[in-house]
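For reference, model_9.tsv is printed below; it contains TSV, C-alpha atoms.
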```tsv
chain	number	residue	atom	x	y	z
A	27	MET	CA	139.36	48.26	-172.59
A	28	LYS	CA	142.57	48.63	-170.56
A	29	LYS	CA	140.57	48.86	-167.30
A	30	LYS	CA	138.90	45.50	-167.90
A	31	HIS	CA	142.27	43.90	-168.73
A	32	LEU	CA	143.86	45.40	-165.58
A	33	VAL	CA	141.03	44.06	-163.34
A	34	ALA	CA	141.31	40.61	-164.88
A	35	SER	CA	145.08	40.61	-164.31
A	36	ALA	CA	144.66	41.63	-160.65
A	37	LEU	CA	142.09	38.88	-160.10
A	38	ALA	CA	144.38	36.33	-161.71
A	39	LEU	CA	147.28	37.37	-159.46
A	40	GLY	CA	145.03	37.13	-156.38
A	41	ILE	CA	143.90	33.64	-157.30
A	42	ILE	CA	147.45	32.50	-158.04
A	43	GLY	CA	148.77	34.13	-154.86
A	44	GLY	CA	146.11	32.38	-152.81
A	45	ALA	CA	146.88	29.03	-154.40
A	46	VAL	CA	150.57	29.44	-153.58
A	47	ALA	CA	149.82	30.27	-149.92
A	48	VAL	CA	147.69	27.18	-149.32
A	49	PRO	CA	150.47	24.64	-149.99
A	50	ASN	CA	152.77	26.59	-147.66
A	51	ALA	CA	150.23	26.21	-144.86
A	52	ILE	CA	149.74	22.52	-145.61
A	53	PHE	CA	153.46	21.72	-145.70
A	54	ALA	CA	154.34	23.44	-142.43
A	55	ASP	CA	157.70	22.65	-140.86
A	56	SER	CA	157.32	19.42	-138.88
A	57	ASP	CA	159.81	20.62	-136.21
A	58	ALA	CA	157.32	23.30	-135.13
A	59	VAL	CA	154.68	20.65	-134.49
A	60	THR	CA	157.13	18.49	-132.53
A	61	ASP	CA	158.26	21.43	-130.37
A	62	SER	CA	154.70	22.36	-129.39
A	63	ALA	CA	153.95	18.74	-128.49
A	64	LYS	CA	156.93	18.75	-126.09
A	65	THR	CA	155.46	21.64	-124.06
A	66	SER	CA	151.95	20.21	-123.63
A	67	THR	CA	151.00	17.98	-120.72
A	68	THR	CA	149.44	14.58	-121.04
A	69	ALA	CA	145.95	14.11	-119.63
A	70	THR	CA	144.55	10.79	-118.50
A	71	GLN	CA	140.91	10.28	-117.70
A	72	ASP	CA	138.72	7.69	-116.05
A	73	ALA	CA	134.97	7.75	-115.36
A	74	VAL	CA	135.16	10.24	-112.48
A	75	THR	CA	138.48	12.13	-112.54
A	76	THR	CA	140.94	13.64	-114.98
A	77	THR	CA	144.64	13.82	-114.14
A	78	THR	CA	146.83	16.42	-115.85
A	79	GLY	CA	150.43	16.22	-114.70
A	80	ASP	CA	150.28	16.44	-110.90
A	81	HIS	CA	146.78	18.02	-110.82
A	82	VAL	CA	143.57	16.04	-110.36
A	83	ILE	CA	140.36	17.53	-111.71
A	84	THR	CA	137.10	16.06	-110.44
A	85	PRO	CA	134.26	17.53	-112.47
A	86	GLN	CA	130.71	17.71	-111.22
A	87	ALA	CA	128.71	15.03	-112.99
A	88	THR	CA	124.94	14.92	-112.90
A	89	ASP	CA	122.41	12.49	-114.25
A	90	GLY	CA	118.87	13.72	-114.96
A	91	GLN	CA	116.62	10.94	-113.79
A	92	ILE	CA	113.19	12.59	-113.84
A	93	VAL	CA	112.87	15.76	-115.88
A	94	ASP	CA	109.80	18.05	-115.66
A	95	ARG	CA	107.36	15.20	-115.14
A	96	PRO	CA	103.77	16.43	-114.85
A	97	VAL	CA	102.12	15.66	-111.50
A	98	ALA	CA	98.36	14.97	-111.48
A	99	GLY	CA	95.62	13.08	-109.62
A	100	PHE	CA	95.38	12.28	-105.90
A	101	ASN	CA	98.31	9.83	-105.77
A	102	ASP	CA	101.30	9.44	-108.06
A	103	SER	CA	104.72	7.84	-108.04
A	104	ALA	CA	107.86	7.80	-110.16
A	105	ASP	CA	111.08	5.84	-109.89
A	106	PHE	CA	114.71	6.74	-110.52
A	107	ASP	CA	118.03	4.92	-110.39
A	108	ILE	CA	121.14	5.99	-108.54
A	109	LYS	CA	124.18	4.79	-110.45
A	110	GLY	CA	127.42	3.95	-108.66
A	111	GLY	CA	129.19	7.15	-107.60
A	112	TYR	CA	126.08	9.34	-108.14
A	113	GLY	CA	124.72	9.10	-104.60
A	114	TYR	CA	123.59	12.71	-104.05
A	115	VAL	CA	119.95	13.43	-104.90
A	116	ARG	CA	118.26	16.73	-105.70
A	117	LEU	CA	114.45	16.77	-105.80
A	118	TYR	CA	112.44	19.55	-107.45
A	119	LEU	CA	108.67	19.67	-106.88
A	120	ARG	CA	106.63	22.66	-108.03
A	121	ASN	CA	103.06	22.74	-106.74
A	122	THR	CA	100.77	24.68	-109.09
A	123	GLY	CA	97.58	23.25	-107.61
A	124	ASP	CA	95.23	24.24	-104.80
A	125	THR	CA	96.15	21.52	-102.29
A	126	THR	CA	99.30	20.60	-100.35
A	127	ILE	CA	101.40	17.79	-101.88
A	128	SER	CA	103.09	15.30	-99.56
A	129	PHE	CA	106.03	13.29	-100.87
A	130	THR	CA	108.27	10.47	-99.70
A	131	VAL	CA	111.40	8.97	-101.23
A	132	ASN	CA	111.78	5.24	-100.60
A	133	GLN	CA	114.59	2.83	-101.44
A	134	GLY	CA	113.97	-0.44	-103.30
A	135	SER	CA	110.18	-0.19	-103.64
A	136	VAL	CA	107.29	2.22	-103.06
A	137	SER	CA	106.95	0.77	-99.54
A	138	GLY	CA	110.71	0.31	-98.97
A	139	ALA	CA	112.90	2.10	-96.46
A	140	GLU	CA	111.96	5.78	-96.27
A	141	LYS	CA	114.91	8.03	-97.09
A	142	TYR	CA	113.18	11.43	-97.06
A	143	SER	CA	109.73	13.00	-96.76
A	144	GLY	CA	108.24	16.46	-97.00
A	145	THR	CA	105.34	18.66	-98.09
A	146	VAL	CA	104.91	21.45	-100.63
A	147	LYS	CA	102.13	23.99	-100.12
A	148	PRO	CA	100.07	25.38	-103.03
A	149	GLY	CA	102.02	27.87	-105.14
A	150	LYS	CA	105.36	26.84	-103.57
A	151	THR	CA	108.40	24.97	-104.88
A	152	PHE	CA	110.67	22.48	-103.12
A	153	ASP	CA	114.16	22.37	-104.67
A	154	GLU	CA	116.79	20.84	-102.40
A	155	ILE	CA	119.52	18.24	-102.14
A	156	LEU	CA	117.98	15.54	-99.97
A	157	ASN	CA	121.19	14.07	-98.56
A	158	LYS	CA	123.93	16.71	-98.24
A	159	SER	CA	125.77	14.90	-95.44
A	160	LYS	CA	126.11	11.40	-96.95
A	161	ALA	CA	125.70	9.85	-100.39
A	162	TRP	CA	123.02	7.20	-100.80
A	163	SER	CA	123.86	3.76	-102.13
A	164	SER	CA	123.18	2.84	-105.74
A	165	GLY	CA	119.87	1.24	-106.67
A	166	LYS	CA	116.25	2.02	-107.49
A	167	PHE	CA	114.36	4.68	-105.55
A	168	TYR	CA	110.73	5.79	-105.64
A	169	VAL	CA	109.11	9.20	-105.16
A	170	SER	CA	105.51	8.85	-103.94
A	171	LEU	CA	103.19	11.86	-104.08
A	172	SER	CA	99.77	12.39	-102.53
A	173	SER	CA	97.42	15.30	-102.03
A	174	GLY	CA	94.72	13.96	-99.76
A	175	SER	CA	91.66	16.06	-100.57
A	176	GLY	CA	92.23	17.59	-104.02
A	177	SER	CA	93.87	16.77	-107.32
A	178	MET	CA	97.58	17.59	-107.62
A	179	SER	CA	99.04	19.86	-110.26
A	180	GLY	CA	102.71	20.60	-110.80
A	181	LYS	CA	106.07	19.33	-112.00
A	182	LEU	CA	108.52	16.82	-110.53
A	183	GLY	CA	112.23	16.54	-111.21
A	184	VAL	CA	115.02	14.40	-109.75
A	185	ARG	CA	118.74	14.59	-110.51
A	186	THR	CA	121.62	12.63	-109.07
A	187	SER	CA	125.21	13.80	-108.81
A	188	THR	CA	128.71	12.79	-107.80
A	189	ASN	CA	128.85	15.66	-105.27
A	190	THR	CA	126.67	18.34	-103.65
A	191	ASN	CA	127.58	21.18	-106.05
A	192	PHE	CA	124.58	20.88	-108.33
```
Show me this structure written as structure tokens.
Amino acid sequence: MKKKHLVASALALGIIGGAVAVPNAIFADSDAVTDSAKTSTTATQDAVTTTTGDHVITPQATDGQIVDRPVAGFNDSADFDIKGGYGYVRLYLRNTGDTTISFTVNQGSVSGAEKYSGTVKPGKTFDEILNKSKAWSSGKFYVSLSSGSGSMSGKLGVRTSTNTNF
């Protein structure tokens, strides 16, 4: 009988002790909060950069325009938009078919100004930044694919970025 009473008393003290500790944590000294705020630095941010004190941080920003789009048939096309400041373009084309895939990237329309062209042999993958030396202007772009003699099979992806580190 004494053992049960002793356990109940210990539990009661634990519950009361815990209840007393919670208000102490809630009512922390406000000077401590003020002091820590004095030592932190203020960060300001806009759409492209973050400034912390005298340091400027420019994060890599990417925008997935075409993500793992299946490629099929003899001819295919897909469009993507380059937003302002996102002028670098990475194209991924995996050819899982039996015929070479030719591709072109045109600005404004499928028959607009050609910005890039290439081929991907069967079983190969093209995964490159198309314009490492200079960002392209904002607007709509088109990727046109063709295989000539056989049906295409594979995946297409296009991403745009604010820099070439993607």
Please list as a PyMOL selection string every residue within 9 Å of Gly176 of chain A, counting all atoms listed in the file and excluding residues in the same chain fewer than 4 positions away.
chain A and resi 99-100+123-126
Contacts of Arg185 of chain A at 12 Å (all atoms listed in the file; same-chain gap of 6+ positions) as a list in words
Ala87, Thr88, Asp89, Gly90, Gln91, Ile92, Val93, Asp94, Asp105, Phe106, Asp107, Ile108, Lys109, Tyr112, Gly113, Tyr114, Val115, Arg116, Leu117, Tyr118, Leu119, Asp153, Glu154, Ile155, Leu156, Phe167, Asn191 and Phe192 of chain A
Find the residue from A:Ser128, A:Ser163, A:Ser179, A:Ser173 that sits nearest to Val97 of chain A; use only C-alpha atoms when measuring.
A:Ser179
Fewer than 3 positions away in the same chain doesn't count, so skip those; otherwise give me all residues within 9 Å of Leu171 of chain A, counting all atoms listed in the file, as a list in words.
Val97, Phe100, Asn101, Asp102, Ser103, Ala104, Ile127, Ser128, Phe129, Thr130 and Met178 of chain A
Atom pair atom CA of Ser187 of chain A / atom CA of Pro148 of chain A: separation (Å):
28.3 Å
Given only C-alpha atoms as the basis, pick out the residue of A:Gln133, A:Thr190, A:Thr151, A:Ser143 nearest to Ser164 of chain A.
A:Gln133
What's the separation between atom CA of Phe152 of chain A and atom CA of Pro96 of chain A, in Å to one decimal place?
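Result for atom CA of Phe152 of chain A versus atom CA of Pro96 of chain A: 14.9 Å, one decimal.
Near Asn121 of chain A, within 6 Å and counting all atoms listed in the file, sit Pro148, Gly149, Lys150 and Gly180 of chain A, not including residues fewer than 6 positions from it in the same chain.
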As a PDB file, in the frame of the given file, the rebuilt segment 98-134 of chain A with N, CA and C atoms:
```pdb
ATOM      1  N   ALA A  98      99.820  14.829-111.398  1.00  0.00           N
ATOM      2  CA  ALA A  98      98.360  14.970-111.480  1.00  0.00           C
ATOM      3  C   ALA A  98      97.687  13.881-110.640  1.00  0.00           C
ATOM      4  N   GLY A  99      96.390  14.060-110.382  1.00  0.00           N
ATOM      5  CA  GLY A  99      95.620  13.080-109.620  1.00  0.00           C
ATOM      6  C   GLY A  99      95.791  13.253-108.127  1.00  0.00           C
ATOM      7  N   PHE A 100      95.306  12.249-107.364  1.00  0.00           N
ATOM      8  CA  PHE A 100      95.380  12.280-105.900  1.00  0.00           C
ATOM      9  C   PHE A 100      96.640  11.585-105.382  1.00  0.00           C
ATOM     10  N   ASN A 101      97.114  10.586-106.122  1.00  0.00           N
ATOM     11  CA  ASN A 101      98.310   9.830-105.770  1.00  0.00           C
ATOM     12  C   ASN A 101      99.127   9.598-107.037  1.00  0.00           C
ATOM     13  N   ASP A 102     100.432   9.643-106.906  1.00  0.00           N
ATOM     14  CA  ASP A 102     101.300   9.440-108.060  1.00  0.00           C
ATOM     15  C   ASP A 102     102.639   8.936-107.558  1.00  0.00           C
ATOM     16  N   SER A 103     103.371   8.253-108.409  1.00  0.00           N
ATOM     17  CA  SER A 103     104.720   7.840-108.040  1.00  0.00           C
ATOM     18  C   SER A 103     105.591   7.768-109.287  1.00  0.00           C
ATOM     19  N   ALA A 104     106.873   7.900-109.079  1.00  0.00           N
ATOM     20  CA  ALA A 104     107.860   7.800-110.160  1.00  0.00           C
ATOM     21  C   ALA A 104     109.114   7.189-109.569  1.00  0.00           C
ATOM     22  N   ASP A 105     109.853   6.438-110.383  1.00  0.00           N
ATOM     23  CA  ASP A 105     111.080   5.840-109.890  1.00  0.00           C
ATOM     24  C   ASP A 105     112.298   6.429-110.595  1.00  0.00           C
ATOM     25  N   PHE A 106     113.445   6.311-109.937  1.00  0.00           N
ATOM     26  CA  PHE A 106     114.710   6.740-110.520  1.00  0.00           C
ATOM     27  C   PHE A 106     115.811   5.825-110.005  1.00  0.00           C
ATOM     28  N   ASP A 107     116.897   5.748-110.753  1.00  0.00           N
ATOM     29  CA  ASP A 107     118.030   4.920-110.390  1.00  0.00           C
ATOM     30  C   ASP A 107     119.201   5.790-109.961  1.00  0.00           C
ATOM     31  N   ILE A 108     119.879   5.364-108.914  1.00  0.00           N
ATOM     32  CA  ILE A 108     121.140   5.990-108.540  1.00  0.00           C
ATOM     33  C   ILE A 108     122.241   5.056-109.023  1.00  0.00           C
ATOM     34  N   LYS A 109     123.053   5.564-109.941  1.00  0.00           N
ATOM     35  CA  LYS A 109     124.180   4.790-110.450  1.00  0.00           C
ATOM     36  C   LYS A 109     125.336   4.873-109.456  1.00  0.00           C
ATOM     37  N   GLY A 110     126.240   3.945-109.525  1.00  0.00           N
ATOM     38  CA  GLY A 110     127.420   3.950-108.660  1.00  0.00           C
ATOM     39  C   GLY A 110     128.166   5.273-108.763  1.00  0.00           C
ATOM     40  N   GLY A 111     128.467   5.882-107.625  1.00  0.00           N
ATOM     41  CA  GLY A 111     129.190   7.150-107.600  1.00  0.00           C
ATOM     42  C   GLY A 111     128.307   8.380-107.720  1.00  0.00           C
ATOM     43  N   TYR A 112     127.019   8.213-107.975  1.00  0.00           N
ATOM     44  CA  TYR A 112     126.080   9.340-108.140  1.00  0.00           C
ATOM     45  C   TYR A 112     125.101   9.396-106.980  1.00  0.00           C
ATOM     46  N   GLY A 113     125.576   9.286-105.760  1.00  0.00           N
ATOM     47  CA  GLY A 113     124.720   9.100-104.600  1.00  0.00           C
ATOM     48  C   GLY A 113     124.033  10.320-104.017  1.00  0.00           C
ATOM     49  N   TYR A 114     124.267  11.515-104.572  1.00  0.00           N
ATOM     50  CA  TYR A 114     123.590  12.710-104.050  1.00  0.00           C
ATOM     51  C   TYR A 114     122.359  13.001-104.898  1.00  0.00           C
ATOM     52  N   VAL A 115     121.246  13.312-104.221  1.00  0.00           N
ATOM     53  CA  VAL A 115     119.950  13.430-104.900  1.00  0.00           C
ATOM     54  C   VAL A 115     119.356  14.812-104.680  1.00  0.00           C
ATOM     55  N   ARG A 116     118.961  15.449-105.769  1.00  0.00           N
ATOM     56  CA  ARG A 116     118.260  16.730-105.700  1.00  0.00           C
ATOM     57  C   ARG A 116     116.843  16.491-106.222  1.00  0.00           C
ATOM     58  N   LEU A 117     115.852  16.913-105.422  1.00  0.00           N
ATOM     59  CA  LEU A 117     114.450  16.770-105.800  1.00  0.00           C
ATOM     60  C   LEU A 117     113.852  18.157-106.005  1.00  0.00           C
ATOM     61  N   TYR A 118     113.136  18.301-107.112  1.00  0.00           N
ATOM     62  CA  TYR A 118     112.440  19.550-107.450  1.00  0.00           C
ATOM     63  C   TYR A 118     110.963  19.202-107.569  1.00  0.00           C
ATOM     64  N   LEU A 119     110.120  19.878-106.800  1.00  0.00           N
ATOM     65  CA  LEU A 119     108.670  19.670-106.880  1.00  0.00           C
ATOM     66  C   LEU A 119     107.984  21.026-106.833  1.00  0.00           C
ATOM     67  N   ARG A 120     107.361  21.397-107.946  1.00  0.00           N
ATOM     68  CA  ARG A 120     106.630  22.660-108.030  1.00  0.00           C
ATOM     69  C   ARG A 120     105.139  22.344-107.936  1.00  0.00           C
ATOM     70  N   ASN A 121     104.480  22.958-106.969  1.00  0.00           N
ATOM     71  CA  ASN A 121     103.060  22.740-106.740  1.00  0.00           C
ATOM     72  C   ASN A 121     102.271  23.903-107.339  1.00  0.00           C
ATOM     73  N   THR A 122     101.591  23.642-108.449  1.00  0.00           N
ATOM     74  CA  THR A 122     100.770  24.680-109.090  1.00  0.00           C
ATOM     75  C   THR A 122      99.286  24.469-108.817  1.00  0.00           C
ATOM     76  N   GLY A 123      98.969  23.541-107.935  1.00  0.00           N
ATOM     77  CA  GLY A 123      97.580  23.250-107.610  1.00  0.00           C
ATOM     78  C   GLY A 123      97.074  24.009-106.401  1.00  0.00           C
ATOM     79  N   ASP A 124      95.894  23.580-105.916  1.00  0.00           N
ATOM     80  CA  ASP A 124      95.230  24.240-104.800  1.00  0.00           C
ATOM     81  C   ASP A 124      95.327  23.465-103.490  1.00  0.00           C
ATOM     82  N   THR A 125      96.058  22.356-103.485  1.00  0.00           N
ATOM     83  CA  THR A 125      96.150  21.520-102.290  1.00  0.00           C
ATOM     84  C   THR A 125      97.617  21.181-101.998  1.00  0.00           C
ATOM     85  N   THR A 126      97.938  20.945-100.740  1.00  0.00           N
ATOM     86  CA  THR A 126      99.300  20.600-100.350  1.00  0.00           C
ATOM     87  C   THR A 126      99.669  19.208-100.880  1.00  0.00           C
ATOM     88  N   ILE A 127     100.901  19.087-101.395  1.00  0.00           N
ATOM     89  CA  ILE A 127     101.400  17.790-101.880  1.00  0.00           C
ATOM     90  C   ILE A 127     102.389  17.250-100.855  1.00  0.00           C
ATOM     91  N   SER A 128     102.156  16.010-100.426  1.00  0.00           N
ATOM     92  CA  SER A 128     103.090  15.300 -99.560  1.00  0.00           C
ATOM     93  C   SER A 128     103.913  14.356-100.419  1.00  0.00           C
ATOM     94  N   PHE A 129     105.199  14.220-100.093  1.00  0.00           N
ATOM     95  CA  PHE A 129     106.030  13.290-100.870  1.00  0.00           C
ATOM     96  C   PHE A 129     106.941  12.498 -99.946  1.00  0.00           C
ATOM     97  N   THR A 130     107.279  11.297-100.379  1.00  0.00           N
ATOM     98  CA  THR A 130     108.270  10.470 -99.700  1.00  0.00           C
ATOM     99  C   THR A 130     109.193   9.876-100.761  1.00  0.00           C
ATOM    100  N   VAL A 131     110.431   9.653-100.367  1.00  0.00           N
ATOM    101  CA  VAL A 131     111.400   8.970-101.230  1.00  0.00           C
ATOM    102  C   VAL A 131     111.766   7.684-100.513  1.00  0.00           C
ATOM    103  N   ASN A 132     111.536   6.550-101.184  1.00  0.00           N
ATOM    104  CA  ASN A 132     111.780   5.240-100.600  1.00  0.00           C
ATOM    105  C   ASN A 132     112.801   4.477-101.438  1.00  0.00           C
ATOM    106  N   GLN A 133     113.575   3.631-100.765  1.00  0.00           N
ATOM    107  CA  GLN A 133     114.590   2.830-101.440  1.00  0.00           C
ATOM    108  C   GLN A 133     114.081   1.423-101.709  1.00  0.00           C
ATOM    109  N   GLY A 134     114.283   0.942-102.943  1.00  0.00           N
ATOM    110  CA  GLY A 134     113.970  -0.440-103.300  1.00  0.00           C
ATOM    111  C   GLY A 134     112.565  -0.693-103.795  1.00  0.00           C
TER     112      GLY A 134
END
```
